[in-house]
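See structure below.
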Amino acid sequence: MNSSNAHVSDIELYAALKNGKSVSEPAFAELYARYSPRIFAYCRRILGNRESAQDAFQETFIRFFNSAQQNREMTNVPAYLLRIARNICLNMQRNNHRTTNLEDYHLPFTEEYSHEKKELLSLVTTALELLPEDYRESFVLREYDGLSYQEIADLTQTSLATVKIRIFRAKQKIREILAPYLSDLSQ
């Protein structure tokens, strides 16, 4: 991370992307450093597969950089990046039949997990995969990315009530799927 850009606002960095290579490269590097983990995590959770997520992630930042070359007014860089990533992920889902491996869905483990924990993780992954796409997206944006209901509504271009219903129903469905397993654990 370039220390000279560390205290520069996102909007100023975005505006600097239009300038020559000596200014645009450090500005882009700073924005990338700030938001790449969040964008990659979003792509990975929505697409569920590391290779597809990597493709969507790279395409997101390419489009983001290219958008700065147009005369676009920027007010919220992270929301704009998430919107680009969302559109790319939705297009990829439409064009490809998704296949998800458990290892690809979650970040690598730093410790050994017991068989029961691996089984529970597998069930949670399956539960997420079984959700309708709109429920899964709202749930991931809320629970994994920590967005507010209003931010999700703005990003998905739906009403606040719709977002609340989707997240409620997603949680209900996950509980239903996990209920038999959890009842076995308690016995």
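Each chain of the structure tokens is named A, B, ... in the order shown, its residues numbered from 1; ligands are numbered from 1 in display order.
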
At a cut-off of 10 Å, using only C-alpha atoms, what residues contact Ala79 of chain A? Leave out same-chain residues fewer than 6 positions from it and give the result as a ChimeraX atom specification. /A:85,147,151-152,154-155

Close residues, segment 28-33 of chain A itself excluded, 10 Å, only C-alpha atoms, min 6 positions apart in chain, as a ChimeraX atom specification: /A:1-11,13-14,16-17,39,61,64-65,77-78

Grab the atom CA of Phe139 of chain A to atom CA of Ile167 of chain A distance for me, in Å with one decimal place.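 Atom CA of Ile167 of chain A lies 5.3 Å from atom CA of Phe139 of chain A.
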
One number please: atom CA of Ala68 of chain A to atom CA of Met92 of chain A, in Å, one decimal.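 Separation between atom CA of Ala68 of chain A and atom CA of Met92 of chain A: 23.5 Å.
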
Using DSSP on the backbone, list every residue of chain A that comes out as alpha helix (DSSP H), and give them as an MDAnalysis selection string. chainID A and resid 10:16 21:47 50:68 77:95 102:105 115:130 133:143 149:156 160:186

Record the distance separating atom CA of Arg166 of chain A and atom CA of Arg136 of chain A, expressed in Å with one decimal.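 Computed distance, atom CA of Arg166 of chain A to atom CA of Arg136 of chain A, equals 8.3 Å.
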
List the neighbours of Leu130 of chain A out to 12 Å using only C-alpha atoms; skip same-chain residues closer than 2 positions along the sequence, and give me the result as a PyMOL selection string. chain A and resi 98+100+123-128+132-136+170-171+173-174+176-178
